[in-house]
Structures are given as C-alpha cells and as structure tokens.
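Data from coords.tsv: TSV, C-alpha atoms and all ligand atoms
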chain	number	residue	atom	x	y	z
A	100	MET	CA	-136.87	92.52	200.81
A	101	ALA	CA	-137.71	96.21	200.85
A	102	ALA	CA	-134.07	97.06	201.53
A	103	ALA	CA	-133.01	94.87	198.63
A	104	ALA	CA	-135.51	96.61	196.37
A	105	ALA	CA	-134.25	100.02	197.43
A	106	PHE	CA	-130.68	98.86	196.87
A	107	LEU	CA	-131.56	97.67	193.38
A	108	ALA	CA	-133.36	100.93	192.70
A	109	LEU	CA	-130.23	102.85	193.65
A	110	CYS	CA	-128.06	100.71	191.41
A	111	ALA	CA	-130.40	100.80	188.46
A	112	GLY	CA	-129.35	104.29	187.49
A	113	PRO	CA	-131.16	107.22	185.92
A	114	ALA	CA	-134.25	105.25	184.85
A	115	VAL	CA	-135.42	105.23	188.48
A	116	ALA	CA	-133.53	108.27	189.71
A	117	ALA	CA	-135.07	109.97	192.73
A	118	ASP	CA	-137.85	112.37	191.85
A	119	ILE	CA	-136.96	115.66	193.52
A	120	HIS	CA	-140.29	117.26	192.65
A	121	ARG	CA	-142.23	114.44	194.25
A	122	GLY	CA	-139.81	114.65	197.20
A	123	ALA	CA	-140.59	118.35	197.58
A	124	THR	CA	-144.34	117.69	197.69
A	125	LEU	CA	-143.91	114.88	200.23
A	126	TYR	CA	-141.60	117.06	202.31
A	127	THR	CA	-144.19	119.84	202.48
A	128	THR	CA	-146.88	117.35	203.52
A	129	HIS	CA	-144.96	115.26	206.06
A	130	CYS	CA	-141.80	117.02	207.19
A	131	ALA	CA	-142.09	120.80	206.90
A	132	ILE	CA	-144.18	121.05	210.09
A	133	CYS	CA	-141.03	120.28	212.11
A	134	HIS	CA	-138.22	120.84	209.64
A	135	GLY	CA	-139.47	124.13	208.17
A	136	ALA	CA	-140.56	124.98	204.63
A	137	ASN	CA	-136.98	125.49	203.46
A	138	GLY	CA	-135.13	123.15	205.84
A	139	SER	CA	-134.63	125.71	208.58
A	140	PRO	CA	-135.88	123.82	211.66
A	141	VAL	CA	-139.13	124.83	213.36
A	142	MET	CA	-139.00	122.23	216.10
A	143	PRO	CA	-136.19	122.56	218.67
A	144	GLY	CA	-133.65	119.75	218.24
A	145	ALA	CA	-134.40	119.16	214.56
A	146	PRO	CA	-131.33	119.35	212.32
A	147	ASP	CA	-130.82	122.25	209.94
A	148	PHE	CA	-131.04	120.90	206.39
A	149	ARG	CA	-129.50	124.06	204.96
A	150	ARG	CA	-126.20	122.94	206.48
A	151	MET	CA	-124.61	120.42	204.16
A	152	GLU	CA	-122.97	118.52	207.07
A	153	THR	CA	-126.41	117.33	208.24
A	154	LEU	CA	-126.79	115.12	205.18
A	155	MET	CA	-123.16	114.13	204.58
A	156	ARG	CA	-124.06	110.44	204.87
A	157	PRO	CA	-125.20	107.89	202.31
A	158	ASP	CA	-128.94	107.68	201.62
A	159	MET	CA	-128.92	104.16	203.07
A	160	GLN	CA	-127.91	105.56	206.48
A	161	ILE	CA	-130.47	108.36	206.42
A	162	LEU	CA	-133.32	106.10	205.28
A	163	PRO	CA	-133.57	104.05	208.52
A	164	ALA	CA	-133.68	107.18	210.69
A	165	ILE	CA	-136.71	108.41	208.71
A	166	LYS	CA	-138.35	104.97	208.59
A	167	ASN	CA	-137.91	104.14	212.25
A	168	GLY	CA	-137.92	107.62	213.72
A	169	LYS	CA	-135.24	109.24	215.84
A	170	GLY	CA	-135.55	111.11	219.12
A	171	SER	CA	-138.79	113.10	218.93
A	172	MET	CA	-139.23	112.44	215.21
A	173	PRO	CA	-141.89	109.82	214.45
A	174	GLY	CA	-141.07	106.94	212.10
A	175	PHE	CA	-142.56	107.02	208.62
A	176	PHE	CA	-142.61	103.26	208.14
A	177	GLY	CA	-146.04	102.38	206.69
A	178	ILE	CA	-146.65	106.02	205.70
A	179	LEU	CA	-143.99	106.53	203.06
A	180	ARG	CA	-142.48	103.87	200.84
A	181	ASP	CA	-138.67	103.57	200.69
A	182	GLN	CA	-138.62	105.14	197.24
A	183	GLU	CA	-140.69	108.08	198.50
A	184	ILE	CA	-138.31	108.60	201.43
A	185	LEU	CA	-135.39	108.57	199.01
A	186	ASP	CA	-137.19	111.17	196.89
A	187	VAL	CA	-137.51	113.36	199.99
A	188	VAL	CA	-133.82	112.84	200.84
A	189	ALA	CA	-132.91	113.85	197.27
A	190	TYR	CA	-134.97	117.00	197.80
A	191	LEU	CA	-133.26	117.67	201.16
A	192	ARG	CA	-129.92	117.58	199.38
A	193	THR	CA	-131.04	120.53	197.25
A	194	LEU	CA	-131.67	122.74	200.31
A	195	SER	CA	-128.10	123.31	201.45
B	201	LIG	C1	-142.67	115.76	214.68
B	201	LIG	C2	-141.58	116.52	214.09
B	201	LIG	C3	-140.84	115.91	212.92
B	201	LIG	C4	-141.35	115.47	211.72
B	201	LIG	C5	-142.81	115.45	211.27
B	201	LIG	C6	-140.21	115.05	210.94
B	201	LIG	N1	-139.06	115.20	211.64
B	201	LIG	FE1	-137.18	114.71	211.00
B	201	LIG	N2	-136.43	115.15	212.84
B	201	LIG	C7	-137.15	115.73	213.88
B	201	LIG	C8	-136.28	115.86	215.04
B	201	LIG	C9	-136.66	116.45	216.38
B	201	LIG	C10	-135.02	115.34	214.64
B	201	LIG	C11	-133.75	115.19	215.50
B	201	LIG	C12	-133.80	113.79	216.11
B	201	LIG	C13	-132.62	113.54	217.02
B	201	LIG	O1	-131.47	113.62	216.54
B	201	LIG	O2	-132.86	113.25	218.19
B	201	LIG	C14	-135.16	114.93	213.24
B	201	LIG	C15	-134.13	114.38	212.50
B	201	LIG	C16	-134.19	114.13	211.14
B	201	LIG	C17	-133.09	113.70	210.33
B	201	LIG	C18	-131.66	113.44	210.79
B	201	LIG	C19	-131.62	111.99	211.22
B	201	LIG	C20	-130.25	111.60	211.71
B	201	LIG	O3	-129.92	110.41	211.59
B	201	LIG	O4	-129.53	112.45	212.22
B	201	LIG	C21	-133.55	113.58	209.06
B	201	LIG	C22	-132.76	113.16	207.83
B	201	LIG	C23	-134.95	113.92	209.09
B	201	LIG	N3	-135.30	114.24	210.38
B	201	LIG	C24	-135.77	113.89	208.00
B	201	LIG	C25	-137.16	114.01	208.08
B	201	LIG	C26	-138.03	113.79	206.96
B	201	LIG	C27	-137.58	113.45	205.55
B	201	LIG	C28	-139.31	113.95	207.42
B	201	LIG	C29	-140.60	113.80	206.63
B	201	LIG	C30	-140.79	112.53	205.94
B	201	LIG	C31	-139.23	114.30	208.82
B	201	LIG	N4	-137.90	114.32	209.18
B	201	LIG	C32	-140.31	114.56	209.65
B	201	LIG	C33	-138.49	116.08	213.85
B	201	LIG	C34	-139.39	115.74	212.86

Please render this file's structure as structure tokens.
Amino acid sequence: MAAAAAFLALCAGPAVAADIHRGATLYTTHCAICHGANGSPVMPGAPDFRRMETLMRPDMQILPAIKNGKGSMPGFFGILRDQEILDVVAYLRTLS
C-alpha cells in the first residue's frame, strides 16, 4: 500500500515533486550525524554522497535501504514517511 502510494506519487509529476528544502531539513536532523553536513561521511563505512556513483540507482532502490536500514545504519521505517525519505534522496542528489 505504501509502496503503491509512493509509486503513484512518483508518477503524478510536478504537483507532488520531491521537496528538496524539506529534504535538507530532514537530512540535517536524521542523517548528518553519520553522513556529514554536506554528504562527506563522518561515520566510517558510510558512503560519500558527494560522489555521484553512490546514488546512481533509482529512488525505489534507495528507499528500502533507508527504510529498513543497511549495515550499521538504522532503519527509518516509522520515523520518516516514504515521501519524506524521497525528499531526502532528492536533496542527496544535489550534493554531488
Ligand atoms: C547511525 C549512522 C547513520 C545514520 C543516522 C544514517 N546513515 Fe545512511 N548509512 C550509514 C552507513 C554506515 C551506511 C553504509 C551501510 C553499508 O553499506 O553497510 C549508510 C548507507 C546509506 C545509503 C546507501 C545505501 C545503499 O543501498 O548503498 C544511503 C542512501 C543512506 N545511508 C542514506 C541515509 C539517509 C537518507 C539517512 C537519514 C534519513 C541516513 N542514511 C542516516 C550510516 C547512517
């Protein structure tokens, strides 16, 4: 259901386009502690978001890693909604 909603949101076009400014705020609150204020990793093992290759995958492949967690990264399921995660991913894409 949530995945379907996110899929619809992606297909719906500019009306619900990801909000990069909201993504930036969420990133500072939830992600910067490990991923660094400008995407340069603070925690060992975290990917470098300034390198474009890190995010050369569709949003729908990056979303589950953030929702469920990966390695030493905690999952954000129940903390961030899918649309909020996609806002953060849109912001990440501005860092490289
Ligand atoms: C506790 C530290 C920590 C926090 C907080 C954190 N991350 Fe991570 N993140 C990591 C680490 C470590 C990895 C590398 C995981 C691995 O590949 O084993 C990672 C990996 C990733 C990846 C790459 C996933 C993949 O499939 O390769 C993305 C994208 C990402 N983080 C985004 C985020 C976002 C967005 C947030 C905030 C909502 C966030 N992270 C919060 C530590 C963190």

Rank A:Gly144, A:Asp181, A:Asn137, A:Ala189 by their smallest atom-to-atom distance to A:Pro163, using only C-alpha atoms, and report the top residue only.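 Result for the nearest residue to A:Pro163: A:Asp181.
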
8 Å from ligand LIG 201 (chain B) is the threshold here; counting only C-alpha atoms and all ligand atoms, which polymer residues fall inside it? Answer as a ChimeraX atom specification. /A:125-126,128-134,142-146,153-154,160-165,168-173,175,179,184,187-188,191

How would the residues just picked look written out with C-alpha atoms as a PDB file, keeping the file's coordinate frame?
ATOM      1  CA  LEU A 125    -143.910 114.880 200.230  1.00  0.00           C
ATOM      2  CA  TYR A 126    -141.600 117.060 202.310  1.00  0.00           C
ATOM      3  CA  THR A 128    -146.880 117.350 203.520  1.00  0.00           C
ATOM      4  CA  HIS A 129    -144.960 115.260 206.060  1.00  0.00           C
ATOM      5  CA  CYS A 130    -141.800 117.020 207.190  1.00  0.00           C
ATOM      6  CA  ALA A 131    -142.090 120.800 206.900  1.00  0.00           C
ATOM      7  CA  ILE A 132    -144.180 121.050 210.090  1.00  0.00           C
ATOM      8  CA  CYS A 133    -141.030 120.280 212.110  1.00  0.00           C
ATOM      9  CA  HIS A 134    -138.220 120.840 209.640  1.00  0.00           C
ATOM     10  CA  MET A 142    -139.000 122.230 216.100  1.00  0.00           C
ATOM     11  CA  PRO A 143    -136.190 122.560 218.670  1.00  0.00           C
ATOM     12  CA  GLY A 144    -133.650 119.750 218.240  1.00  0.00           C
ATOM     13  CA  ALA A 145    -134.400 119.160 214.560  1.00  0.00           C
ATOM     14  CA  PRO A 146    -131.330 119.350 212.320  1.00  0.00           C
ATOM     15  CA  THR A 153    -126.410 117.330 208.240  1.00  0.00           C
ATOM     16  CA  LEU A 154    -126.790 115.120 205.180  1.00  0.00           C
ATOM     17  CA  GLN A 160    -127.910 105.560 206.480  1.00  0.00           C
ATOM     18  CA  ILE A 161    -130.470 108.360 206.420  1.00  0.00           C
ATOM     19  CA  LEU A 162    -133.320 106.100 205.280  1.00  0.00           C
ATOM     20  CA  PRO A 163    -133.570 104.050 208.520  1.00  0.00           C
ATOM     21  CA  ALA A 164    -133.680 107.180 210.690  1.00  0.00           C
ATOM     22  CA  ILE A 165    -136.710 108.410 208.710  1.00  0.00           C
ATOM     23  CA  GLY A 168    -137.920 107.620 213.720  1.00  0.00           C
ATOM     24  CA  LYS A 169    -135.240 109.240 215.840  1.00  0.00           C
ATOM     25  CA  GLY A 170    -135.550 111.110 219.120  1.00  0.00           C
ATOM     26  CA  SER A 171    -138.790 113.100 218.930  1.00  0.00           C
ATOM     27  CA  MET A 172    -139.230 112.440 215.210  1.00  0.00           C
ATOM     28  CA  PRO A 173    -141.890 109.820 214.450  1.00  0.00           C
ATOM     29  CA  PHE A 175    -142.560 107.020 208.620  1.00  0.00           C
ATOM     30  CA  LEU A 179    -143.990 106.530 203.060  1.00  0.00           C
ATOM     31  CA  ILE A 184    -138.310 108.600 201.430  1.00  0.00           C
ATOM     32  CA  VAL A 187    -137.510 113.360 199.990  1.00  0.00           C
ATOM     33  CA  VAL A 188    -133.820 112.840 200.840  1.00  0.00           C
ATOM     34  CA  LEU A 191    -133.260 117.670 201.160  1.00  0.00           C
TER      35      LEU A 191
END

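The coordinates place atom CA of A:Lys166 at 17.5 Å from atom CA of A:Ala123.
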
Two-atom distance - atom CA of A:Met151, atom CA of A:Gly177 (Å): 28.1 Å

Taken to one decimal, the atom CA of A:Thr124-atom CA of A:Met159 distance is 21.2 Å

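Counting only C-alpha atoms, the residue from A:Thr127, A:Gln182, A:Ser195, A:Asn167 that sits nearest to A:Asp147 is A:Ser195.
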
Closest of A:Ile178, A:Leu185, A:Met155, A:Val141 to A:Ala116 - atom-to-atom distances counting all atoms listed in the file: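 Ranked by minimum distance to A:Ala116, first place goes to A:Leu185.
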
Quick one: what's the axis-aligned box for stretch 150-163 of chain A, all listed atoms, 4 Å on every side, centre and edges in Å to one decimal, as JSON?
{"center_x": -128.3, "center_y": 113.5, "center_z": 205.1, "size_x": 18.6, "size_y": 26.9, "size_z": 14.9}
